[in-house]
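Here is the file upload.cif (mmCIF, C-alpha atoms).
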data_model
loop_
_atom_site.label_atom_id
_atom_site.label_comp_id
_atom_site.auth_asym_id
_atom_site.auth_seq_id
_atom_site.Cartn_x
_atom_site.Cartn_y
_atom_site.Cartn_z
CA MET Z 1 34.94 109.09 37.62
CA PRO Z 2 35.13 109.69 33.84
CA HIS Z 3 32.14 111.13 32.08
CA VAL Z 4 30.82 108.76 29.40
CA VAL Z 5 28.25 109.90 26.87
CA ARG Z 6 25.31 107.51 26.94
CA VAL Z 7 22.77 107.41 24.12
CA PRO Z 8 19.22 106.16 24.79
CA GLY Z 9 18.38 102.93 22.99
CA ARG Z 10 15.65 104.58 20.88
CA THR Z 11 18.07 107.27 19.71
CA LEU Z 12 20.66 104.62 18.86
CA ARG Z 13 18.15 102.64 16.84
CA ARG Z 14 17.18 105.78 14.93
CA ALA Z 15 20.85 106.46 14.21
CA LEU Z 16 21.43 102.96 12.89
CA LEU Z 17 18.31 103.05 10.71
CA ALA Z 18 19.36 106.42 9.31
CA ALA Z 19 22.80 105.04 8.60
CA VAL Z 20 21.38 102.05 6.73
CA ALA Z 21 19.07 104.29 4.73
CA ALA Z 22 21.95 106.53 3.77
CA SER Z 23 24.08 103.60 2.63
CA VAL Z 24 21.25 102.29 0.44
CA THR Z 25 20.21 105.56 -1.13
CA GLY Z 26 23.58 107.26 -1.34
CA HIS Z 27 22.10 110.36 0.33
CA SER Z 28 23.88 112.09 3.18
CA VAL Z 29 22.71 111.34 6.72
CA VAL Z 30 20.79 114.10 8.49
CA ARG Z 31 22.98 114.99 11.45
CA ALA Z 32 20.45 116.78 13.67
CA GLN Z 33 20.50 113.99 16.28
CA ASP Z 34 24.27 113.44 16.38
CA ALA Z 35 25.70 112.90 19.85
CA PRO Z 36 27.38 115.91 21.45
CA PRO Z 37 31.13 116.23 20.89
CA PRO Z 38 33.33 114.24 23.27
CA PRO Z 39 34.47 116.07 26.40
CA VAL Z 40 38.02 117.27 26.85
CA VAL Z 41 40.03 114.41 28.35
CA VAL Z 42 43.40 114.81 30.05
CA ILE Z 43 45.56 111.77 30.80
CA ILE Z 44 48.31 112.47 33.33
CA ASN Z 45 51.34 110.53 34.62
CA ALA Z 46 51.42 108.30 31.54
CA SER Z 47 54.29 106.30 30.08
CA LEU Z 48 54.04 106.67 26.31
CA VAL Z 49 54.74 103.93 23.77
CA ASP Z 50 54.10 103.79 20.04
CA GLY Z 51 55.42 101.93 17.03
CA ALA Z 52 57.53 104.78 15.67
CA ARG Z 53 59.38 105.70 18.85
CA GLY Z 54 59.02 102.82 21.28
CA ALA Z 55 58.96 104.13 24.85
CA PHE Z 56 59.44 107.85 24.38
CA ALA Z 57 58.13 109.65 27.46
CA ARG Z 58 57.38 109.09 31.13
CA ASN Z 59 55.09 111.04 33.48
CA ALA Z 60 53.57 112.61 30.36
CA THR Z 61 50.34 114.52 29.94
CA VAL Z 62 48.13 113.91 26.90
CA VAL Z 63 45.25 116.26 26.13
CA LEU Z 64 42.36 115.06 23.96
CA ARG Z 65 40.03 117.65 22.46
CA ASP Z 66 37.30 117.34 19.80
CA GLY Z 67 38.11 113.68 19.30
CA ARG Z 68 41.79 114.24 18.54
CA ILE Z 69 45.10 114.31 20.33
CA SER Z 70 45.52 118.01 21.03
CA GLU Z 71 48.75 118.09 23.02
CA ILE Z 72 51.47 115.81 24.39
CA ALA Z 73 53.88 117.13 27.00
CA GLU Z 74 56.38 115.64 29.40
CA GLY Z 75 55.44 116.51 32.96
CA THR Z 76 52.15 117.89 34.22
CA LEU Z 77 49.91 120.41 32.48
CA PRO Z 78 47.01 122.11 34.31
CA PRO Z 79 43.81 120.51 32.95
CA PRO Z 80 41.25 122.81 31.32
CA ALA Z 81 38.17 123.59 33.38
CA GLY Z 82 35.60 120.82 33.18
CA ALA Z 83 38.00 118.28 31.65
CA THR Z 84 37.78 114.60 32.50
CA VAL Z 85 41.10 113.60 34.08
CA ILE Z 86 42.52 110.07 34.03
CA ASP Z 87 45.56 109.44 36.21
CA ALA Z 88 47.60 106.72 34.51
CA ARG Z 89 49.90 106.39 37.57
CA GLY Z 90 52.84 105.44 35.40
CA ARG Z 91 50.96 102.90 33.31
CA PHE Z 92 51.52 102.60 29.58
CA LEU Z 93 49.55 104.56 26.98
CA LEU Z 94 49.56 103.33 23.37
CA PRO Z 95 47.62 103.89 20.16
CA GLY Z 96 44.47 101.80 19.97
CA LEU Z 97 44.87 98.39 18.37
CA ILE Z 98 43.69 97.66 14.82
CA ASP Z 99 41.95 94.49 13.68
CA ALA Z 100 42.46 94.35 9.93
CA HIS Z 101 40.33 91.23 9.43
CA THR Z 102 37.10 90.85 11.35
CA HIS Z 103 33.45 89.95 10.89
CA VAL Z 104 31.73 92.26 13.38
CA ALA Z 105 28.03 92.46 12.59
CA SER Z 106 26.32 93.55 15.81
CA LEU Z 107 26.48 96.20 18.50
CA SER Z 108 27.45 93.66 21.16
CA ALA Z 109 30.29 92.34 19.01
CA ALA Z 110 31.54 95.86 18.33
CA ARG Z 111 31.53 96.47 22.07
CA ARG Z 112 33.55 93.32 22.76
CA ALA Z 113 36.11 94.35 20.15
CA LEU Z 114 36.35 97.82 21.65
CA GLU Z 115 36.77 96.56 25.20
CA SER Z 116 39.66 94.36 24.03
CA GLY Z 117 41.53 97.52 22.98
CA VAL Z 118 40.57 97.53 19.29
CA THR Z 119 39.65 101.05 18.15
CA THR Z 120 39.68 100.45 14.37
CA ILE Z 121 38.48 97.45 12.39
CA ARG Z 122 38.51 96.48 8.74
CA SER Z 123 35.55 94.26 8.01
CA ALA Z 124 36.24 91.08 6.09
CA SER Z 125 32.58 90.84 4.96
CA VAL Z 126 29.30 90.42 6.79
CA GLY Z 127 25.94 89.01 5.78
CA ALA Z 128 23.87 92.13 5.14
CA PHE Z 129 25.91 95.36 5.21
CA GLN Z 130 25.79 95.65 9.01
CA ASP Z 131 29.37 96.91 8.86
CA VAL Z 132 28.27 99.92 6.81
CA ALA Z 133 25.61 100.79 9.39
CA LEU Z 134 28.08 100.35 12.27
CA ARG Z 135 30.54 102.65 10.54
CA GLU Z 136 27.95 105.39 10.23
CA ALA Z 137 26.80 105.00 13.85
CA VAL Z 138 30.38 105.46 15.03
CA LYS Z 139 30.88 108.48 12.79
CA ARG Z 140 27.77 110.08 14.24
CA GLY Z 141 28.97 109.46 17.78
CA SER Z 142 25.93 107.28 18.51
CA ILE Z 143 28.29 104.57 19.76
CA ALA Z 144 31.86 104.94 20.97
CA GLY Z 145 33.49 102.79 18.32
CA PRO Z 146 35.51 101.11 16.99
CA ASP Z 147 35.91 102.92 13.68
CA VAL Z 148 34.88 100.63 10.84
CA LEU Z 149 36.13 100.17 7.30
CA ALA Z 150 33.28 98.24 5.74
CA ALA Z 151 33.51 95.43 3.19
CA GLY Z 152 29.85 94.59 2.80
CA VAL Z 153 29.13 91.34 0.94
CA PHE Z 154 31.82 88.74 0.21
CA VAL Z 155 32.69 88.43 -3.48
CA THR Z 156 32.63 84.64 -3.65
CA PRO Z 157 31.35 82.09 -6.19
CA GLU Z 158 28.27 81.06 -4.15
CA LEU Z 159 26.34 83.71 -2.23
CA GLY Z 160 23.81 81.43 -0.56
CA GLU Z 161 21.65 83.28 1.99
CA THR Z 162 23.58 86.48 1.32
CA ILE Z 163 21.34 87.16 -1.70
CA LEU Z 164 18.85 88.48 0.88
CA ALA Z 165 21.19 91.37 1.76
CA ASP Z 166 20.06 93.41 -1.26
CA PRO Z 167 17.26 92.79 -3.79
CA ARG Z 168 19.71 93.08 -6.67
CA LEU Z 169 21.72 90.11 -5.41
CA SER Z 170 18.99 87.65 -6.39
CA GLN Z 171 20.24 88.05 -9.96
CA LEU Z 172 23.46 86.35 -8.83
CA ALA Z 173 21.88 83.33 -7.13
CA ALA Z 174 23.17 80.99 -9.85
CA GLY Z 175 26.79 81.87 -9.09
CA VAL Z 176 29.34 84.66 -9.29
CA THR Z 177 32.04 83.59 -11.72
CA SER Z 178 31.52 85.42 -15.00
CA GLU Z 179 33.04 88.83 -15.63
CA ALA Z 180 29.59 90.43 -15.71
CA ALA Z 181 28.55 88.83 -12.41
CA LEU Z 182 31.79 89.67 -10.64
CA ARG Z 183 31.68 93.30 -11.74
CA GLN Z 184 28.00 93.56 -10.81
CA LEU Z 185 28.63 92.28 -7.27
CA VAL Z 186 31.48 94.73 -6.80
CA ARG Z 187 29.25 97.56 -8.07
CA ILE Z 188 26.47 96.66 -5.63
CA ASN Z 189 29.00 96.81 -2.79
CA LEU Z 190 30.26 100.16 -4.04
CA ASP Z 191 26.73 101.47 -4.28
CA ARG Z 192 26.16 100.49 -0.64
CA GLY Z 193 29.17 102.58 0.37
CA VAL Z 194 31.85 100.03 1.29
CA ASP Z 195 35.49 100.95 1.91
CA VAL Z 196 37.09 97.70 0.72
CA ILE Z 197 36.14 94.67 -1.34
CA LYS Z 198 36.66 91.21 0.14
CA THR Z 199 37.14 88.29 -2.25
CA ARG Z 200 38.89 84.96 -2.25
CA GLY Z 201 41.68 83.11 -3.99
CA THR Z 202 41.12 79.76 -2.25
CA GLU Z 203 38.63 77.76 -0.23
CA ARG Z 204 38.16 78.07 3.54
CA ALA Z 205 40.02 76.34 6.35
CA GLY Z 206 37.11 76.60 8.80
CA LEU Z 207 34.85 74.14 6.96
CA ALA Z 208 35.68 70.46 7.25
CA ASN Z 209 34.46 69.66 3.72
CA THR Z 210 36.71 72.19 1.92
CA ASP Z 211 40.45 72.20 1.28
CA PRO Z 212 41.98 75.61 2.04
CA ARG Z 213 44.67 75.05 -0.62
CA LYS Z 214 42.14 74.73 -3.46
CA GLN Z 215 42.08 77.75 -5.78
CA THR Z 216 38.70 79.35 -6.44
CA TYR Z 217 39.12 82.42 -8.67
CA THR Z 218 41.70 82.71 -11.43
CA GLU Z 219 44.04 85.65 -11.95
CA ALA Z 220 41.72 86.91 -14.70
CA GLN Z 221 38.64 86.76 -12.46
CA LEU Z 222 40.50 88.46 -9.61
CA SER Z 223 41.70 91.13 -12.04
CA TRP Z 224 38.11 91.96 -12.98
CA ILE Z 225 37.28 92.38 -9.30
CA VAL Z 226 40.31 94.60 -8.67
CA ASP Z 227 39.59 96.67 -11.76
CA GLU Z 228 35.96 97.27 -10.86
CA ALA Z 229 36.87 98.17 -7.27
CA ALA Z 230 39.50 100.61 -8.54
CA LYS Z 231 36.76 102.49 -10.41
CA GLY Z 232 35.36 103.29 -6.99
CA GLY Z 233 38.79 104.10 -5.59
CA ILE Z 234 38.86 101.25 -3.09
CA PRO Z 235 41.26 98.32 -2.55
CA VAL Z 236 40.67 94.57 -2.50
CA MET Z 237 41.56 92.07 0.21
CA ALA Z 238 41.84 88.41 -0.76
CA HIS Z 239 41.26 85.35 1.41
CA ALA Z 240 43.93 82.85 0.35
CA HIS Z 241 45.50 79.99 2.26
CA GLY Z 242 46.87 78.14 -0.77
CA ASP Z 243 49.87 79.36 -2.74
CA GLU Z 244 48.39 79.23 -6.24
CA GLY Z 245 45.32 81.27 -5.32
CA ALA Z 246 47.39 83.75 -3.36
CA TYR Z 247 49.88 84.19 -6.21
CA ALA Z 248 47.01 84.87 -8.63
CA ALA Z 249 45.56 87.44 -6.23
CA VAL Z 250 48.88 89.26 -5.84
CA LYS Z 251 49.35 89.29 -9.61
CA ALA Z 252 45.82 90.70 -9.98
CA GLY Z 253 46.72 93.62 -7.69
CA VAL Z 254 45.04 92.98 -4.35
CA ARG Z 255 46.03 95.11 -1.36
CA SER Z 256 46.46 92.23 1.08
CA ILE Z 257 46.53 88.47 1.38
CA GLU Z 258 44.47 87.17 4.27
CA HIS Z 259 45.77 84.04 6.04
CA GLY Z 260 48.48 82.93 3.59
CA THR Z 261 49.19 79.58 5.26
CA TYR Z 262 50.90 77.82 2.37
CA LEU Z 263 52.67 80.74 0.68
CA SER Z 264 55.88 79.95 -1.20
CA ASP Z 265 58.96 82.13 -1.18
CA SER Z 266 58.21 83.21 -4.75
CA THR Z 267 54.76 84.48 -3.73
CA LEU Z 268 56.20 86.23 -0.67
CA GLN Z 269 58.88 87.85 -2.82
CA LEU Z 270 56.22 89.07 -5.24
CA MET Z 271 54.28 90.49 -2.29
CA LYS Z 272 57.40 92.31 -1.10
CA GLN Z 273 58.01 93.66 -4.61
CA ARG Z 274 54.44 94.90 -5.04
CA GLY Z 275 53.89 96.13 -1.49
CA THR Z 276 51.15 93.57 -0.79
CA PHE Z 277 50.43 93.16 2.93
CA LEU Z 278 50.03 89.85 4.77
CA VAL Z 279 47.32 89.46 7.43
CA PRO Z 280 48.02 85.94 8.74
CA THR Z 281 45.21 85.69 11.34
CA TYR Z 282 47.40 83.22 13.22
CA VAL Z 283 45.12 83.26 16.27
CA THR Z 284 42.27 81.84 14.22
CA VAL Z 285 44.28 78.84 13.04
CA TYR Z 286 45.37 78.42 16.66
CA ASP Z 287 41.68 78.48 17.58
CA LEU Z 288 41.12 75.49 15.29
CA THR Z 289 43.41 73.48 17.57
CA GLN Z 290 41.65 74.45 20.82
CA PRO Z 291 38.37 73.40 22.44
CA GLY Z 292 35.68 76.05 22.39
CA GLY Z 293 36.12 79.38 20.67
CA ASP Z 294 34.78 80.06 17.18
CA TYR Z 295 35.56 76.52 15.99
CA ASP Z 296 35.05 73.31 17.91
CA GLU Z 297 34.97 70.30 15.60
CA PRO Z 298 37.32 67.27 15.63
CA ALA Z 299 38.05 67.40 11.90
CA LEU Z 300 39.03 71.07 12.18
CA THR Z 301 41.17 70.36 15.24
CA ILE Z 302 43.14 67.81 13.22
CA ARG Z 303 43.46 70.27 10.35
CA GLY Z 304 44.53 73.08 12.66
CA ASN Z 305 47.24 70.97 14.26
CA PHE Z 306 48.78 70.50 10.85
CA MET Z 307 48.24 74.02 9.55
CA LEU Z 308 49.45 75.96 12.58
CA PRO Z 309 53.19 75.21 12.30
CA VAL Z 310 53.02 75.71 8.52
CA LEU Z 311 51.47 79.17 8.96
CA GLY Z 312 53.99 79.96 11.70
CA GLU Z 313 56.87 79.25 9.34
CA THR Z 314 55.21 81.35 6.62
CA VAL Z 315 55.02 84.30 9.02
CA ARG Z 316 58.71 83.85 9.90
CA ARG Z 317 59.71 83.79 6.22
CA ALA Z 318 57.52 86.77 5.39
CA HIS Z 319 59.07 88.73 8.24
CA ARG Z 320 62.61 87.87 7.13
CA LEU Z 321 61.80 88.91 3.55
CA GLY Z 322 60.39 92.26 4.68
CA VAL Z 323 56.74 91.67 3.76
CA ARG Z 324 54.61 94.06 5.79
CA ILE Z 325 52.51 92.09 8.27
CA ALA Z 326 49.39 93.40 10.02
CA THR Z 327 47.20 92.01 12.77
CA GLY Z 328 43.80 90.45 12.13
CA GLY Z 329 41.66 88.29 14.40
CA ASP Z 330 39.26 86.76 11.83
CA THR Z 331 36.52 86.61 14.43
CA SER Z 332 33.02 88.02 14.76
CA TYR Z 333 33.75 88.81 18.43
CA GLY Z 334 30.92 86.55 19.47
CA PRO Z 335 30.44 85.57 23.11
CA GLU Z 336 32.43 82.33 22.61
CA SER Z 337 35.36 83.88 20.72
CA LEU Z 338 38.91 83.41 22.01
CA SER Z 339 40.66 85.33 19.22
CA ARG Z 340 41.96 88.80 20.06
CA ILE Z 341 44.51 91.18 18.54
CA ALA Z 342 46.57 91.09 21.73
CA GLY Z 343 46.95 87.35 21.16
CA GLU Z 344 47.94 87.89 17.52
CA ALA Z 345 50.64 90.37 18.56
CA ALA Z 346 51.92 87.92 21.19
CA ALA Z 347 52.07 85.18 18.55
CA PHE Z 348 54.09 87.46 16.27
CA VAL Z 349 56.70 87.84 19.00
CA GLN Z 350 56.86 84.07 19.42
CA LEU Z 351 57.39 83.84 15.65
CA GLY Z 352 60.39 86.17 15.58
CA MET Z 353 59.20 89.78 15.77
CA THR Z 354 60.44 92.08 18.48
CA PRO Z 355 57.73 93.46 20.77
CA LEU Z 356 58.12 96.83 19.07
CA GLU Z 357 57.59 95.24 15.64
CA ALA Z 358 54.49 93.46 16.94
CA ILE Z 359 53.12 96.76 18.28
CA ARG Z 360 53.71 98.30 14.87
CA ALA Z 361 51.87 95.39 13.21
CA ALA Z 362 48.89 96.10 15.48
CA THR Z 363 48.96 99.89 15.06
CA SER Z 364 50.93 101.85 12.45
CA VAL Z 365 51.47 99.06 9.90
CA ALA Z 366 47.83 98.01 10.10
CA ALA Z 367 46.82 101.68 9.75
CA ASP Z 368 48.92 101.96 6.59
CA LEU Z 369 47.25 98.83 5.21
CA LEU Z 370 43.84 100.37 5.83
CA GLY Z 371 44.89 103.69 4.30
CA VAL Z 372 44.35 105.58 7.56
CA GLY Z 373 47.98 105.88 8.66
CA SER Z 374 47.88 109.66 8.38
CA ARG Z 375 45.21 109.95 11.06
CA THR Z 376 45.49 107.01 13.48
CA GLY Z 377 47.96 104.39 14.72
CA SER Z 378 50.35 106.79 16.44
CA LEU Z 379 50.55 109.03 19.51
CA THR Z 380 50.85 112.21 17.48
CA PRO Z 381 49.14 115.59 17.97
CA GLY Z 382 46.40 115.99 15.39
CA TYR Z 383 45.76 112.25 15.14
CA GLU Z 384 42.46 110.72 16.19
CA ALA Z 385 42.22 110.15 19.93
CA ASP Z 386 42.31 106.34 19.67
CA LEU Z 387 44.21 105.20 22.75
CA ILE Z 388 44.57 102.34 25.21
CA LEU Z 389 46.13 102.20 28.67
CA VAL Z 390 47.69 98.93 29.81
CA GLU Z 391 49.10 97.88 33.17
CA ALA Z 392 52.63 96.78 32.20
CA ASN Z 393 55.22 97.67 29.58
CA PRO Z 394 54.42 95.76 26.35
CA LEU Z 395 57.98 96.32 25.14
CA GLN Z 396 59.10 94.03 27.94
CA ASP Z 397 56.18 91.61 27.77
CA ILE Z 398 53.91 91.88 24.73
CA ARG Z 399 51.19 90.00 26.63
CA ALA Z 400 50.50 93.26 28.49
CA LEU Z 401 48.34 94.26 25.50
CA ALA Z 402 45.73 91.79 26.75
CA ASP Z 403 45.35 93.71 30.04
CA VAL Z 404 43.52 96.79 28.81
CA LEU Z 405 42.42 99.21 31.54
CA VAL Z 406 41.28 102.23 29.51
CA VAL Z 407 39.99 102.45 25.94
CA ILE Z 408 39.38 105.79 24.23
CA SER Z 409 38.01 105.88 20.69
CA ASN Z 410 37.67 109.19 18.83
CA GLY Z 411 38.06 110.96 22.14
CA ARG Z 412 35.19 109.08 23.79
CA ILE Z 413 35.99 107.05 26.90
CA ALA Z 414 34.62 103.61 26.08
CA LEU Z 415 36.16 101.77 29.01
CA ASN Z 416 37.83 102.91 32.23
CA ARG Z 417 38.67 100.34 34.88
CA THR Z 418 40.74 102.77 36.95
CA PRO Z 419 41.12 103.69 39.75
CA PHE Z 420 40.88 100.41 41.64
CA ALA Z 421 40.85 101.88 45.15
CA LYS Z 422 37.89 103.73 46.69
CA ARG Z 423 38.51 107.33 47.68
CA GLY Z 424 37.18 109.23 50.64
CA THR Z 425 35.04 107.84 53.41
#
Let me see the structure of the file written as C-alpha cells.
Amino acid sequence: MPHVVRVPGRTLRRALLAAVAASVTGHSVVRAQDAPPPPVVVIINASLVDGARGAFARNATVVLRDGRISEIAEGTLPPPAGATVIDARGRFLLPGLIDAHTHVASLSAARRALESGVTTIRSASVGAFQDVALREAVKRGSIAGPDVLAAGVFVTPELGETILADPRLSQLAAGVTSEAALRQLVRINLDRGVDVIKTRGTERAGLANTDPRKQTYTEAQLSWIVDEAAKGGIPVMAHAHGDEGAYAAVKAGVRSIEHGTYLSDSTLQLMKQRGTFLVPTYVTVYDLTQPGGDYDEPALTIRGNFMLPVLGETVRRAHRLGVRIATGGDTSYGPESLSRIAGEAAAFVQLGMTPLEAIRAATSVAADLLGVGSRTGSLTPGYEADLILVEANPLQDIRALADVLVVISNGRIALNRTPFAKRGT
C-alpha cells in the first residue's frame, strides 16, 4: 500500500494559524514544523498522456522525487530502495487537472477538489482570505493540496458581510466605486498576499434578482483596478456574462473573462488580439438547469435553460476564433456540488473541441493562464509532481477524466484506489 503522510489535527491547525498570521503581517512563516518531504514514488506500467504530446508512451516508468517529476522512461526502471511503487497496469497517467475558477474556502472542500483530480486551483474570491491560508498550508506540506492561487476578497461594488474579513474593509462599507475605494481594496488584497485580483464587469447569473447582462464597473473603474494590481505584479480576472461589461474589462487589460455567456464576435476578437483567456464555467450554467447541486431554484432553472445554449455557442465561436479557453468549475466544492473539471472538459468536447484540446484546456492552457505553465500542467522532468491516473484513455472518451484512481499533488499521494484485488492469503 502507498505511504501517505498524515499530519495530526493539532499540527494542522497550528500550520493554518501560522499561515494566516504570515499573510496578515507580511512576515515569513517559521518552517520548523513543516511536514517531512514526500517519499520517492515510482509509477510503473503507465500509459502517458499530456496536452503537448497526446499519448506518447506505454508501459512507462515515472519517478517522483522531492515533489517533482525526476525521470520518465519507457519500460521498467528498478525502483530506489524504500520507494513507494504504484503499478498502473496500463492505465493512463496525466498531469493533474486545473480549476481556474473556484471558491474553495475549507479543508473539506479542498479535499473534495483534490479527490476529483484537481491539483491546482485559482481562487475566484472567498469571504475572509481562507484561500491565502490554504495556499500556505499546502506549501508547508501540512495538507496534500491542491496548490492554490489566492484571490482574497472580491472587488465588487457592495462588500456586505465581507467587511469582516479585515478591519480596514469597514472603511468601504458604503460602497466600492470611487477610484480611491477601488485602489484601496486592491491594496488590502495585495497586503494580504493574494496572487490574483477578482473583480466584475457585470452582475451575477446565480441570483434570481439580478440580470447577468447588466454592466457594473466601467472601463475606467476596471482600469484603476488593473493598474493597482499591476503595481503588485499580479493579474486581474473579471466576472462578466454580458458583452458590454466584458468588452470594458478586456479593454482595461484583465487577464481573463470568467463566464462570458453573451460575448459578441467583436469582444472575442479583441480577446484573441490581446491574449485574454476565456473561462466559461459551462458546468455551472448547466447546474442552474438541474435539480440539486449548488443552485436549486425555479427562477434560476428557467434562466439556466435559456443561458446554456447561448454560452455553448459562445464557447464554439471562441474556439473557432482561437481564443484560449481554460477550465473552471465555479464551485466551492461543497457536499452538494455537482460541478467538476472533468465535466467541464467533457462539455468542451461536446462543444467542438477534440479530446486532446479539452485536456489542454484543463492542464497546460489553464497553467499558462495562471502563470505556472513552466512548472506544472505537463508530464515533463523537473515539473511539479502533480499527476492523476485514470482507468480509460481520455483521448478516446474524455469522460474517463471523471474516473480518477490516483491523485498525486507535489509528490504526495493524496488518493490511491488501486489495487482493487486483495493479495496473499
Chain and number of each residue from the PyMOL selection byres ((chain Z and resi 143-157) around 7), as an MDAnalysis selection string: chainID Z and resid 110 114 118:129 131:132 134:135 137:138 141:142 158:159 175:177 185 189 194:200 409 412 414
How would you write, as a PDB file with C-alpha atoms, in the coordinates of the input, the residues chosen by the PyMOL selection byres ((chain Z and resi 72) around 8) on this structure?
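The resulting file, out.pdb, is shown below:
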ATOM      1  CA  ALA Z  60      53.570 112.610  30.360  1.00  0.00           C
ATOM      2  CA  THR Z  61      50.340 114.520  29.940  1.00  0.00           C
ATOM      3  CA  VAL Z  62      48.130 113.910  26.900  1.00  0.00           C
ATOM      4  CA  VAL Z  63      45.250 116.260  26.130  1.00  0.00           C
ATOM      5  CA  ILE Z  69      45.100 114.310  20.330  1.00  0.00           C
ATOM      6  CA  SER Z  70      45.520 118.010  21.030  1.00  0.00           C
ATOM      7  CA  GLU Z  71      48.750 118.090  23.020  1.00  0.00           C
ATOM      8  CA  ALA Z  73      53.880 117.130  27.000  1.00  0.00           C
ATOM      9  CA  GLU Z  74      56.380 115.640  29.400  1.00  0.00           C
ATOM     10  CA  THR Z 380      50.850 112.210  17.480  1.00  0.00           C
ATOM     11  CA  PRO Z 381      49.140 115.590  17.970  1.00  0.00           C
TER      12      PRO Z 381
END
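When the PyMOL selection byres ((chain Z and resi 78) around 10) is evaluated against the file, it yields Val42, Ile44, Thr61, Thr76, Leu77, Pro79, Pro80 and Ala81 of chain Z.
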Would you kindly return, as a ChimeraX atom specification, each protein, DNA or RNA residue with an atom no farther than 7 Å from any atom of Thr301 in chain Z, considering only C-alpha atoms and excluding same-chain residues fewer than 2 positions away? /Z:288-290,297-299,303-305
Got a sec: who's within 8 Å of range 94-105 of chain Z, counting only C-alpha atoms, leaving out chain neighbours fewer than 4 positions off, as a VMD selection string? chain Z and resid 48 to 50 109 to 110 117 to 127 130 to 131 134 258 279 281 326 to 333 341 362 to 363 366 to 367 370 376 to 379 386 to 389 407 to 409
Env of Arg375 in chain Z: 8 Å cut, atoms = only C-alpha atoms, seq-sep filter 6 positions within chain, self excluded. Answer as a ChimeraX atom specification. /Z:382-384
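Taking CA of Tyr262 in chain Z as the reference point, CA of Leu222 in chain Z is found at 19.1 Å.
Nearest to Thr202 in chain Z of all the residues Z:Arg340, Z:His239, Z:Arg140, Z:Arg168 is Z:His239, counting all atoms listed in the file.
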